[in-house]
>>> print(open('work.csv').read())   # CSV, C-alpha atoms
chain,number,residue,atom,x,y,z
A,1,MET,CA,26.6,-12.4,2.7
A,2,LYS,CA,24.6,-12.5,5.9
A,3,ASP,CA,21.6,-14.8,6.1
A,4,GLU,CA,19.1,-11.9,5.9
A,5,GLU,CA,20.8,-10.4,2.9
A,6,VAL,CA,20.8,-13.8,1.2
A,7,LYS,CA,17.1,-14.1,1.7
A,8,LYS,CA,16.5,-10.5,0.4
A,9,VAL,CA,18.5,-11.1,-2.8
A,10,VAL,CA,16.8,-14.5,-3.4
A,11,ARG,CA,13.3,-13.0,-2.7
A,12,LYS,CA,14.0,-10.1,-5.0
A,13,ASN,CA,15.2,-12.2,-7.9
A,14,TYR,CA,12.5,-14.8,-7.8
A,15,GLY,CA,9.9,-12.0,-7.3
A,16,ASP,CA,11.1,-10.5,-10.5
A,17,ILE,CA,10.9,-13.9,-12.3
A,18,ALA,CA,7.3,-14.3,-11.0
A,19,LEU,CA,6.3,-11.0,-12.5
A,20,LYS,CA,8.1,-11.4,-15.8
A,21,ASN,CA,6.7,-14.8,-16.7
A,22,SER,CA,10.1,-15.9,-18.1
A,23,PRO,CA,11.6,-19.2,-17.2
A,24,CYS,CA,14.9,-18.7,-15.4
A,25,CYS,CA,16.5,-19.8,-12.3
A,26,GLY,CA,18.5,-16.7,-11.7
A,27,PRO,CA,18.7,-13.0,-12.3
A,28,GLN,CA,17.6,-11.8,-15.6
A,29,PRO,CA,20.3,-11.8,-18.2
A,30,VAL,CA,21.7,-8.6,-19.5
A,31,ASN,CA,21.4,-9.5,-23.1
A,32,PRO,CA,17.7,-9.2,-24.2
A,33,SER,CA,18.1,-11.8,-26.9
A,34,ASN,CA,18.7,-14.3,-24.1
A,35,MET,CA,15.7,-13.2,-22.2
A,36,ASN,CA,13.8,-16.4,-22.3
A,37,SER,CA,16.5,-18.9,-22.0
A,38,CYS,CA,18.1,-20.1,-18.9
A,39,CYS,CA,19.7,-23.2,-17.3
A,40,GLY,CA,20.8,-24.2,-20.8
A,41,ALA,CA,17.3,-25.2,-21.7
A,42,PRO,CA,15.0,-24.2,-24.6
A,43,PRO,CA,12.8,-21.1,-24.2
A,44,SER,CA,9.5,-22.8,-23.4
A,45,ALA,CA,8.9,-23.7,-19.8
A,46,ASP,CA,6.9,-26.8,-20.9
A,47,ASP,CA,9.8,-28.0,-23.1
A,48,MET,CA,12.1,-27.5,-20.1
A,49,SER,CA,9.8,-29.4,-17.9
A,50,LYS,CA,9.5,-32.3,-20.3
A,51,LYS,CA,13.3,-32.5,-20.1
A,52,MET,CA,13.1,-32.7,-16.4
A,53,GLY,CA,10.8,-35.7,-16.6
A,54,TYR,CA,7.3,-34.3,-16.4
A,55,SER,CA,4.9,-36.0,-18.9
A,56,GLU,CA,2.7,-34.2,-21.4
A,57,GLU,CA,-0.3,-35.5,-19.6
A,58,GLU,CA,1.0,-34.1,-16.4
A,59,LEU,CA,1.8,-30.7,-17.9
A,60,ALA,CA,-1.7,-30.5,-19.3
A,61,LYS,CA,-3.1,-30.7,-15.8
A,62,ILE,CA,-1.2,-27.6,-14.7
A,63,PRO,CA,-3.0,-24.3,-15.0
A,64,GLU,CA,-1.4,-21.9,-17.4
A,65,GLY,CA,1.2,-19.8,-15.6
A,66,ALA,CA,1.9,-22.3,-12.8
A,67,ASN,CA,4.9,-23.7,-14.7
A,68,LEU,CA,7.8,-21.2,-14.8
A,69,GLY,CA,10.3,-23.8,-16.0
A,70,LEU,CA,12.3,-23.4,-12.8
A,71,GLY,CA,13.9,-26.0,-10.7
A,72,CYS,CA,15.7,-29.3,-11.4
A,73,GLY,CA,12.6,-31.4,-11.7
A,74,ASN,CA,11.3,-34.1,-9.4
A,75,PRO,CA,8.1,-35.5,-10.8
A,76,VAL,CA,8.9,-39.0,-9.6
A,77,ALA,CA,8.4,-37.8,-6.1
A,78,LEU,CA,4.8,-37.1,-6.8
A,79,ALA,CA,4.2,-40.7,-7.9
A,80,SER,CA,4.4,-41.9,-4.3
A,81,LEU,CA,1.4,-39.8,-3.3
A,82,LYS,CA,-1.8,-41.6,-2.3
A,83,GLU,CA,-5.4,-40.5,-2.3
A,84,GLY,CA,-6.1,-38.6,1.0
A,85,ASP,CA,-2.4,-37.7,1.7
A,86,THR,CA,-1.3,-34.3,3.0
A,87,TYR,CA,1.5,-33.0,0.8
A,88,LEU,CA,3.8,-30.1,1.4
A,89,ASP,CA,6.1,-28.4,-1.2
A,90,LEU,CA,9.0,-26.3,0.1
A,91,GLY,CA,9.6,-23.3,-2.1
A,92,SER,CA,6.5,-23.9,-4.1
A,93,GLY,CA,7.0,-21.0,-6.6
A,94,ALA,CA,4.1,-20.6,-9.0
A,95,GLY,CA,2.8,-24.0,-7.9
A,96,ILE,CA,3.6,-26.7,-10.6
A,97,ASP,CA,4.3,-29.6,-8.2
A,98,CYS,CA,1.4,-28.6,-5.9
A,99,PHE,CA,-1.1,-28.7,-8.8
A,100,LEU,CA,0.1,-32.1,-9.9
A,101,ALA,CA,0.0,-33.3,-6.3
A,102,ALA,CA,-3.5,-31.9,-5.8
A,103,ASP,CA,-4.6,-34.2,-8.6
A,104,ARG,CA,-3.0,-37.2,-7.0
A,105,VAL,CA,-4.2,-36.7,-3.4
A,106,GLY,CA,-7.8,-36.0,-4.5
A,107,LYS,CA,-10.5,-34.1,-2.7
A,108,SER,CA,-9.8,-35.9,0.6
A,109,GLY,CA,-6.2,-34.9,0.5
A,110,LYS,CA,-4.5,-31.6,1.1
A,111,VAL,CA,-1.8,-29.7,-0.6
A,112,ILE,CA,0.2,-26.9,0.9
A,113,GLY,CA,2.8,-24.8,-0.8
A,114,VAL,CA,5.2,-22.5,1.2
A,115,ASP,CA,7.2,-19.9,-0.5
A,116,MET,CA,8.8,-16.7,0.9
A,117,THR,CA,8.4,-14.7,-2.3
A,118,PRO,CA,5.0,-12.8,-2.3
A,119,GLU,CA,5.0,-12.5,-6.1
A,120,MET,CA,5.3,-16.3,-6.5
A,121,ILE,CA,2.5,-16.9,-4.0
A,122,ASP,CA,0.3,-14.4,-5.8
A,123,ARG,CA,0.8,-16.2,-9.0
A,124,ALA,CA,0.2,-19.6,-7.3
A,125,ARG,CA,-3.1,-18.3,-5.9
A,126,GLU,CA,-4.2,-16.9,-9.2
A,127,ASN,CA,-3.5,-20.4,-10.6
A,128,VAL,CA,-5.6,-22.0,-7.9
A,129,LYS,CA,-8.5,-19.8,-8.9
A,130,LYS,CA,-8.0,-20.7,-12.6
A,131,ALA,CA,-8.0,-24.4,-11.7
A,132,GLY,CA,-10.9,-24.1,-9.2
A,133,LEU,CA,-9.2,-26.4,-6.7
A,134,GLU,CA,-10.2,-26.5,-3.1
A,135,ASN,CA,-7.7,-28.9,-1.6
A,136,ILE,CA,-4.7,-26.6,-2.2
A,137,GLU,CA,-3.4,-23.7,-0.2
A,138,PHE,CA,-0.4,-21.4,-0.5
A,139,ARG,CA,1.2,-19.8,2.5
A,140,LEU,CA,3.7,-17.0,2.5
A,141,GLY,CA,6.4,-18.3,4.8
A,142,GLU,CA,10.0,-19.4,5.2
A,143,ILE,CA,11.1,-23.0,4.8
A,144,GLU,CA,13.4,-22.5,7.8
A,145,HIS,CA,10.3,-21.5,9.9
A,146,LEU,CA,7.5,-23.6,8.5
A,147,PRO,CA,4.0,-22.4,9.5
A,148,VAL,CA,2.9,-26.0,9.5
A,149,ALA,CA,1.8,-28.1,12.5
A,150,ASP,CA,3.9,-31.0,13.9
A,151,ASN,CA,3.4,-34.5,12.6
A,152,SER,CA,0.8,-33.4,10.0
A,153,VAL,CA,2.3,-34.2,6.5
A,154,ASP,CA,2.7,-37.4,4.6
A,155,VAL,CA,5.0,-36.3,1.8
A,156,ILE,CA,7.3,-33.3,1.5
A,157,THR,CA,9.0,-32.4,-1.7
A,158,SER,CA,11.3,-29.6,-2.6
A,159,ASN,CA,12.5,-28.9,-6.1
A,160,CYS,CA,15.9,-27.1,-6.4
A,161,VAL,CA,15.2,-24.7,-3.5
A,162,ILE,CA,17.0,-25.8,-0.4
A,163,ASN,CA,20.3,-24.8,-1.9
A,164,LEU,CA,19.1,-21.2,-1.7
A,165,SER,CA,18.6,-21.4,2.0
A,166,PRO,CA,21.3,-19.9,4.2
A,167,ASP,CA,20.4,-22.4,7.0
A,168,LYS,CA,19.8,-25.8,5.5
A,169,GLY,CA,19.9,-27.5,8.9
A,170,ALA,CA,16.9,-25.5,10.0
A,171,VAL,CA,15.1,-26.5,6.8
A,172,PHE,CA,15.6,-30.2,7.4
A,173,ARG,CA,14.8,-30.0,11.1
A,174,GLU,CA,11.5,-28.3,10.2
A,175,ALA,CA,10.7,-30.8,7.5
A,176,PHE,CA,11.3,-33.6,10.1
A,177,ARG,CA,9.1,-31.9,12.6
A,178,VAL,CA,6.1,-31.5,10.3
A,179,LEU,CA,6.2,-34.9,8.8
A,180,LYS,CA,4.1,-37.7,10.3
A,181,PRO,CA,6.2,-40.6,11.6
A,182,GLY,CA,6.8,-42.8,8.6
A,183,GLY,CA,6.4,-39.7,6.4
A,184,LYS,CA,8.6,-39.2,3.3
A,185,LEU,CA,10.9,-36.5,2.2
A,186,MET,CA,11.7,-36.3,-1.5
A,187,ILE,CA,14.2,-33.7,-2.6
A,188,SER,CA,15.9,-32.6,-5.7
A,189,ASP,CA,18.7,-30.1,-5.2
A,190,ILE,CA,22.0,-28.7,-6.3
A,191,VAL,CA,25.1,-29.9,-4.4
A,192,LEU,CA,28.8,-29.6,-4.9
A,193,LEU,CA,31.4,-32.3,-5.4
A,194,LYS,CA,34.1,-29.9,-4.4
A,195,GLN,CA,34.3,-26.5,-2.8
A,196,LEU,CA,33.8,-23.5,-5.1
A,197,PRO,CA,36.4,-20.7,-5.3
A,198,GLU,CA,36.0,-17.9,-2.8
A,199,ALA,CA,35.1,-15.4,-5.6
A,200,VAL,CA,32.1,-17.5,-6.6
A,201,LEU,CA,31.0,-17.9,-3.1
A,202,LYS,CA,30.9,-14.2,-2.6
A,203,SER,CA,28.8,-13.5,-5.7
A,204,ALA,CA,25.1,-12.8,-5.1
A,205,GLU,CA,24.4,-13.7,-8.7
A,206,ALA,CA,25.9,-17.1,-8.2
A,207,TYR,CA,23.8,-17.5,-5.1
A,208,VAL,CA,20.4,-16.9,-6.8
A,209,GLY,CA,21.6,-19.1,-9.7
A,210,CYS,CA,21.6,-22.0,-7.3
A,211,VAL,CA,25.3,-22.3,-7.3
A,212,SER,CA,27.1,-20.6,-4.4
A,213,GLY,CA,24.5,-21.5,-1.8
A,214,ALA,CA,25.0,-25.1,-2.6
A,215,MET,CA,26.7,-27.3,0.0
A,216,LEU,CA,29.2,-30.2,-0.5
A,217,LYS,CA,27.2,-33.3,-1.2
A,218,ASP,CA,28.5,-35.3,1.8
A,219,GLU,CA,28.0,-32.4,4.2
A,220,TYR,CA,24.5,-31.9,2.9
A,221,LEU,CA,23.5,-35.5,3.4
A,222,ASP,CA,25.0,-35.3,6.9
A,223,VAL,CA,22.7,-32.4,7.7
A,224,VAL,CA,19.8,-34.5,6.5
A,225,LYS,CA,20.9,-37.4,8.7
A,226,GLU,CA,21.5,-35.2,11.7
A,227,SER,CA,18.0,-33.8,11.4
A,228,GLY,CA,16.7,-37.3,12.3
A,229,PHE,CA,16.0,-38.8,8.8
A,230,THR,CA,16.7,-42.4,8.0
A,231,ASP,CA,16.7,-44.5,4.9
A,232,ILE,CA,18.4,-41.7,2.9
A,233,GLU,CA,18.6,-43.0,-0.6
A,234,ILE,CA,20.0,-41.1,-3.6
A,235,VAL,CA,17.8,-41.9,-6.6
A,236,GLY,CA,19.5,-39.8,-9.1
A,237,GLU,CA,22.6,-37.7,-9.7
A,238,THR,CA,23.2,-35.6,-12.8
A,239,SER,CA,26.2,-33.4,-13.4
A,240,SER,CA,25.1,-30.0,-14.6
A,241,GLY,CA,28.6,-29.8,-16.1
A,242,ASN,CA,28.7,-27.7,-19.3
A,243,VAL,CA,25.0,-27.2,-19.4
A,244,TRP,CA,25.7,-24.6,-16.7
A,245,LEU,CA,27.8,-22.7,-19.2
A,246,ASN,CA,25.0,-22.4,-21.8
A,247,ASP,CA,23.1,-20.4,-19.2
A,248,PRO,CA,23.2,-16.6,-19.7
A,249,LEU,CA,23.4,-16.5,-15.9
A,250,ALA,CA,26.7,-18.4,-16.0
A,251,GLU,CA,28.0,-15.7,-18.4
A,252,SER,CA,27.2,-13.0,-16.0
A,253,ILE,CA,28.7,-15.0,-13.0
A,254,ILE,CA,31.9,-15.6,-15.0
A,255,LYS,CA,32.1,-11.9,-15.8
A,256,THR,CA,31.4,-10.8,-12.3
A,257,ILE,CA,34.0,-13.0,-10.7
A,258,GLY,CA,36.5,-12.7,-13.5
A,259,ILE,CA,37.5,-16.3,-14.2
A,260,SER,CA,38.5,-17.9,-17.5
A,261,MET,CA,36.3,-20.2,-19.6
A,262,GLU,CA,38.6,-23.1,-18.7
A,263,GLU,CA,38.1,-22.4,-15.0
A,264,ALA,CA,34.4,-22.1,-15.5
A,265,LYS,CA,34.3,-25.5,-17.2
A,266,GLU,CA,36.2,-27.0,-14.2
A,267,LEU,CA,33.6,-25.3,-12.0
A,268,GLY,CA,30.8,-26.9,-13.8
A,269,LYS,CA,32.1,-30.4,-13.1
A,270,SER,CA,31.7,-29.9,-9.4
A,271,ILE,CA,28.1,-28.8,-9.6
A,272,VAL,CA,25.6,-31.7,-9.6
A,273,SER,CA,21.8,-32.1,-9.2
A,274,ILE,CA,20.8,-34.9,-6.9
A,275,LYS,CA,17.5,-36.4,-6.1
A,276,PHE,CA,17.1,-38.3,-2.9
A,277,SER,CA,14.5,-39.7,-0.5
A,278,ALA,CA,14.5,-40.0,3.2
A,279,VAL,CA,12.1,-41.2,5.9
A,280,LYS,CA,11.0,-39.9,9.3
A,281,PRO,CA,11.2,-43.1,11.3
A,282,LYS,CA,8.0,-44.5,12.9
A,283,ILE,CA,9.6,-44.1,16.4
B,1,MET,CA,-26.2,-21.0,6.1
B,2,GLU,CA,-24.1,-21.5,3.1
B,3,ILE,CA,-21.7,-18.8,4.2
B,4,ILE,CA,-21.3,-20.4,7.6
B,5,ALA,CA,-20.5,-23.7,6.0
B,6,ALA,CA,-17.9,-22.1,3.8
B,7,VAL,CA,-16.3,-20.5,6.8
B,8,ASP,CA,-16.2,-23.7,8.6
B,9,ARG,CA,-14.6,-25.4,5.7
B,10,MET,CA,-12.0,-22.8,5.2
B,11,LYS,CA,-11.4,-22.7,9.0
B,12,ARG,CA,-10.9,-26.4,9.0
B,13,ASN,CA,-8.8,-26.3,5.9
B,14,LEU,CA,-6.7,-23.5,7.0
B,15,MET,CA,-6.5,-24.1,10.7
B,16,GLU,CA,-6.1,-27.8,10.9
B,17,ILE,CA,-2.4,-28.0,10.2
B,18,ILE,CA,-1.3,-24.4,10.6
B,19,CYS,CA,0.9,-23.1,13.4
B,20,CYS,CA,3.0,-20.1,14.4
B,21,PRO,CA,6.2,-20.1,12.3
B,22,THR,CA,8.2,-19.0,15.4
B,23,CYS,CA,6.9,-20.8,18.5
B,24,LYS,CA,4.8,-23.5,16.6
B,25,GLY,CA,1.8,-22.6,18.9
B,26,ASP,CA,-1.8,-22.6,17.7
B,27,LEU,CA,-3.1,-19.6,15.7
B,28,ALA,CA,-6.5,-18.0,16.3
B,29,LEU,CA,-8.4,-17.0,13.1
B,30,SER,CA,-10.4,-13.9,12.8
B,31,VAL,CA,-12.2,-13.2,9.5
B,32,ARG,CA,-12.8,-9.7,8.1
B,33,LYS,CA,-13.8,-10.5,4.6
B,34,GLU,CA,-14.7,-13.6,2.8
B,35,GLU,CA,-15.7,-14.5,-0.7
B,36,ALA,CA,-17.1,-17.8,-1.9
B,37,ASN,CA,-15.1,-20.4,-0.1
B,38,GLU,CA,-12.2,-18.2,0.8
B,39,ILE,CA,-11.1,-16.0,3.6
B,40,VAL,CA,-9.9,-12.9,1.7
B,41,GLN,CA,-9.0,-10.6,4.6
B,42,GLY,CA,-8.4,-11.6,8.2
B,43,SER,CA,-5.7,-12.5,10.6
B,44,LEU,CA,-4.1,-15.3,12.5
B,45,THR,CA,-3.0,-14.5,16.0
B,46,CYS,CA,-0.5,-16.4,18.0
B,47,GLY,CA,-1.6,-16.5,21.6
B,48,LYS,CA,2.0,-17.2,22.9
B,49,CYS,CA,4.0,-14.7,20.8
B,50,HIS,CA,1.1,-12.1,20.7
B,51,VAL,CA,1.8,-11.6,17.0
B,52,ASP,CA,-0.8,-11.1,14.3
B,53,TYR,CA,-0.2,-12.7,10.9
B,54,PRO,CA,-2.4,-11.0,8.3
B,55,ILE,CA,-4.4,-12.8,5.6
B,56,GLU,CA,-4.5,-10.5,2.6
B,57,GLU,CA,-6.0,-11.3,-0.8
B,58,GLY,CA,-6.5,-14.8,0.4
B,59,ILE,CA,-2.9,-15.4,1.3
B,60,PRO,CA,-1.8,-15.9,4.9
B,61,ASN,CA,1.5,-14.1,5.5
B,62,LEU,CA,3.3,-16.3,7.9
B,63,LEU,CA,6.8,-14.9,7.4
B,64,PRO,CA,8.4,-15.0,10.9
B,65,LYS,CA,7.9,-11.8,12.9
B,66,GLU,CA,9.6,-10.4,16.0
B,67,LYS,CA,7.8,-11.0,19.2
B,68,LYS,CA,5.9,-8.0,20.5
>>> encode(input="work.csv", output="structure tokens")
Amino acid sequence: MKDEEVKKVVRKNYGDIALKNSPCCGPQPVNPSNMNSCCGAPPSADDMSKKMGYSEEELAKIPEGANLGLGCGNPVALASLKEGDTYLDLGSGAGIDCFLAADRVGKSGKVIGVDMTPEMIDRARENVKKAGLENIEFRLGEIEHLPVADNSVDVITSNCVINLSPDKGAVFREAFRVLKPGGKLMISDIVLLKQLPEAVLKSAEAYVGCVSGAMLKDEYLDVVKESGFTDIEIVGETSSGNVWLNDPLAESIIKTIGISMEEAKELGKSIVSIKFSAVKPKI
Amino acid sequence: MEIIAAVDRMKRNLMEIICCPTCKGDLALSVRKEEANEIVQGSLTCGKCHVDYPIEEGIPNLLPKEKK
């Protein structure tokens, strides 16, 4: 797929998710009985988020509808935020991490969410209204072309989004540009331990399901380094392994590309979720 | 007076750390409609690219656009 086609498919699918209010990180499953389950997690977005490490207290702070149960979870990143910080979330979706960040940076701080899916931004904005927050703003934009000024942000997070970008180098170069010197990047994302079969790479469904857009882990981290970041530290790595196979999305990918269950299991082993932090050096 | 203050605040909030997604130049804000503390309709114009980025329903659309 060409870059523009990739963006279109991703935008369409996540737009649909935003409208349907069902937690899923890929296209809607064909089987209606599976409608609310995805990523191998239970039906409730809150349950799913607890599994990712968000506390009940944190979830209580999020306006209803801001948590779609998407992403791989990176609540730890929010812990490093200080009062008065400027925070940016890449691919902010309905706004879960932005709302938690808004609470941490306080009134003197600022929270910006950028997402390229209008339906997600609409939902995020409705949620801002519900919560009555003023230090939070959502911008419709692309993470490869951030509408954010140079050297203006203290902490950037991105939660299972960059794998969807057809130009990851541009994403990290932009993140580097907008961070203040000394600013921190905290990412959770899907990477691969070995290359996926050609058929999977060609599948649009596998792309939106955060699989075929993913890069090899070492290459991915090289891109981060080449963008100028230092102190790259992996703080967590989880194999998605067979969890991936419980996902109705996996079923549809397997059908589309015509592989056996055994091959699918092998495939699952090479897909991992990583969390890492990196710093823009102070010159 | 209250409205002016609200505009100032939104302006500062919105403009302080915003830039053109393409050339990273400054954007000039024009407001068409505002409610409470929010610019509901308006636009952000890049002086360098001569491109208008609309603000609709309170959301700035800063998806990259071709230069005029």
>>> closest_atom_pairs(input="work.csv", of="chain A", to="chain B", cutoff="6 Å", atoms="all atoms listed in the file", output="tab-separated table")
residue	atom	partner	partner_atom	distance
A:Arg139	CA	B:Pro60	CA	5.5
A:Leu140	CA	B:Asn61	CA	4.7
A:Gly141	CA	B:Leu63	CA	4.3
A:Glu142	CA	B:Leu63	CA	5.9
A:His145	CA	B:Pro21	CA	5.0
A:Leu146	CA	B:Pro21	CA	5.3
A:Pro147	CA	B:Pro21	CA	4.2
A:Val148	CA	B:Ile18	CA	4.6
A:Ala149	CA	B:Ile17	CA	4.8
>>> closest_residue(input="work.csv", among="A:Leu59, A:Ile190, A:Leu100, A:Leu185", to="Val153 (chain A)", atoms="only C-alpha atoms")
A:Leu185
>>> atom_distance(input="work.csv", atom1="CA of Ala94 (chain A)", atom2="CA of Val10 (chain A)")
15.2 Å
>>> atom_distance(input="work.csv", atom1="CA of Ser55 (chain A)", atom2="CA of Asp103 (chain A)")
14.1 Å
>>> closest_residue(input="work.csv", among="A:Pro118, A:Lys282, A:Lys129, A:Phe172", to="Asp222 (chain A)", atoms="all atoms listed in the file")
A:Phe172
>>> closest_residue(input="work.csv", among="A:Pro197, A:Gly268, A:Gly91, A:Pro166", to="Phe138 (chain A)", atoms="all atoms listed in the file")
A:Gly91
>>> residues_around(input="work.csv", residues="Ser30 (chain B)", least_positions_apart="3", cutoff="8 Å", atoms="only C-alpha atoms", output="list of chain:residue names")
B:Gly42, B:Ser43, B:Leu44
>>> residues_around(input="work.csv", residues="Glu83 (chain A)", least_positions_apart="2", cutoff="9 Å", atoms="all atoms listed in the file", output="JSON, numbers by chain")
{"A": [81, 85, 103, 104, 105, 106, 107, 108, 109]}
>>> write_last_selection(input="work.csv", atoms="C-alpha atoms", output="CSV table (one decimal), in the coordinates of the input")
chain,number,residue,atom,x,y,z
A,81,LEU,CA,1.4,-39.8,-3.3
A,85,ASP,CA,-2.4,-37.7,1.7
A,103,ASP,CA,-4.6,-34.2,-8.6
A,104,ARG,CA,-3.0,-37.2,-7.0
A,105,VAL,CA,-4.2,-36.7,-3.4
A,106,GLY,CA,-7.8,-36.0,-4.5
A,107,LYS,CA,-10.5,-34.1,-2.7
A,108,SER,CA,-9.8,-35.9,0.6
A,109,GLY,CA,-6.2,-34.9,0.5
>>> closest_residue(input="work.csv", among="A:Ile257, A:Ile96, A:Ile283, A:Val111", to="Thr230 (chain A)", atoms="only C-alpha atoms")
A:Ile283
>>> atom_distance(input="work.csv", atom1="CA of Leu267 (chain A)", atom2="CA of Ile254 (chain A)")
10.3 Å
>>> residues_near_point(input="work.csv", point="(1.4, -11.6, 19.2)", cutoff="10 Å", atoms="all atoms listed in the file", output="MDAnalysis selection string")
chainID B and resid 20 27 44:53 65:68
>>> closest_residue(input="work.csv", among="A:Lys265, A:Lys217, A:Lys255, A:Lys2", to="Leu192 (chain A)", atoms="only C-alpha atoms")
A:Lys217
